[in-house]
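Visitor: Okay, handing you the structure first.
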Amino acid sequence: MESMFAQWLNETFSAFDGAILGFYHRLAESCGTLLTPLMRAVSFTGDKGLVLLILSFLLCFFAKTRKTGFCMLLSIGFGALMTNLILKEAICRIRPYEANELFREFWTFVGAHRESDLSFPSGHTTAAAAAATGLWLTRGKKYLSVSIPYVFLMAASRNYFIVHYPTDVIAGALVGTLGGILAYILTRWIFRLLHPYAHKKAIAFILYSDLKTAVSHPRKKNQKKENTP
């Protein structure tokens, strides 16, 4: 059963949500199936946050990007905690295609899949915004040109498939951004805490070990052996 807050959202933002979902339906109608593969691909990258988690984990293997990868992992984790474990369960908003017959027709038209969890906020958009915020805060403003379009496309894809209201994706973007900011603060604190102990092997390994260097060392050793008379 939907909470009072979910009912308030439905009543207060009915015209706003309906207008935007109607726009995406008209866009789908006018483009045929042209946009669907793109929207599906974008949406897939936020499914359970798995692709973003893998990317973040890979960044942790290199000293230059370790802080970014760690921050992105924390960001996605904080976002998932706030969205999936707290807000969705507390608000219990029903998916648009389940709550409205017109939206169900839109949903059927684009061939979207049925989603298993609740609607508010959007978990996909939360994960995208969280990862994008972690990337931006650790790598600088130049990455905003990547972060902002990605979050926008993720939000658009969730509305395009009528699996979320526009208010769901806006809330997801805000929650993800908050998660990214909290993760950045914690990441900075952890790395500052470790730096005074960088002379210790275990801490040095955490801070400076690099997969690229580790892979290149055996080659250098082999070259020395070959050059030895």
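By order in the structure tokens, chains are A, B, ...; within a chain, residues start at 1; ligands start at 1, following the order shown.
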List the neighbours of Thr45 (chain A) out to 9 Å using only C-alpha atoms; skip same-chain residues closer than 4 positions along the sequence, and give me the result as a PyMOL selection string.
Guide: chain A and resi 40-41+49-52+124+128+154
Visitor: Within 7 Å of Ser75 (chain A), counting only C-alpha atoms, which residues qualify if same-chain residues fewer than 3 places away don't, as a ChimeraX atom specification?
Guide: /A:71-72,78-79,130-131,134,179-180,183
Visitor: Interatomic distance between CA of Ala6 (chain A) and CA of Cys92 (chain A)?
Guide: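 So the two atoms, CA of Ala6 (chain A) and CA of Cys92 (chain A), lie 6.8 Å apart.
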Visitor: Once DSSP has gone over the backbone, tell me which residues of region 56-175 of chain A are in alpha helix (DSSP H), as a VMD selection string.
Guide: chain A and resid 56 to 59 66 to 80 88 to 91 96 to 99 101 to 110 123 to 139 144 to 160 166 to 175
Visitor: Distance CA of Tyr150 (chain A)-CA of Leu35 (chain A), one decimal place?
Guide: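 CA of Leu35 (chain A) lies 15.6 Å from CA of Tyr150 (chain A).
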Visitor: Smallest atom-to-atom distance to Phe62 (chain A): which of A:Met4, A:Leu207, A:Ala132, A:Ile20, using only C-alpha atoms?
Guide: A:Leu207
Visitor: Which is closest to His164 (chain A) among A:Thr83, A:Ser122, A:Asn10, A:Ser116, if we use only C-alpha atoms?
Guide: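 Distance minimum relative to His164 (chain A) lands on A:Ser122.
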Visitor: I'd like the neighbourhood of Ala99 (chain A) as a VMD selection string, where a residue qualifies if any of its atoms comes within 12 Å (using only C-alpha atoms), though same-chain residues fewer than 6 positions away should be ignored.
Guide: chain A and resid 1 to 2 6 to 7 10 14 93 105 107 118 to 119 162 to 165
Visitor: My list of candidates is A:Ile91, A:Ala204, A:Leu211, A:Leu137. Which is closest to Trp8 (chain A) when distances are computed with only C-alpha atoms?
Guide: A:Ile91
Visitor: Using only C-alpha atoms, which of the listed residues (A:Tyr208, A:Phe106, A:Phe44, A:Phe70) sits closest to Ser56 (chain A)?
Guide: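 Among the listed residues, A:Phe70 lies closest to Ser56 (chain A).
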Visitor: Considering only C-alpha atoms, state which residue in the set A:Val42, A:Val169, A:Val110, A:Ala15 is at the smallest distance from Leu27 (chain A).
Guide: A:Val110
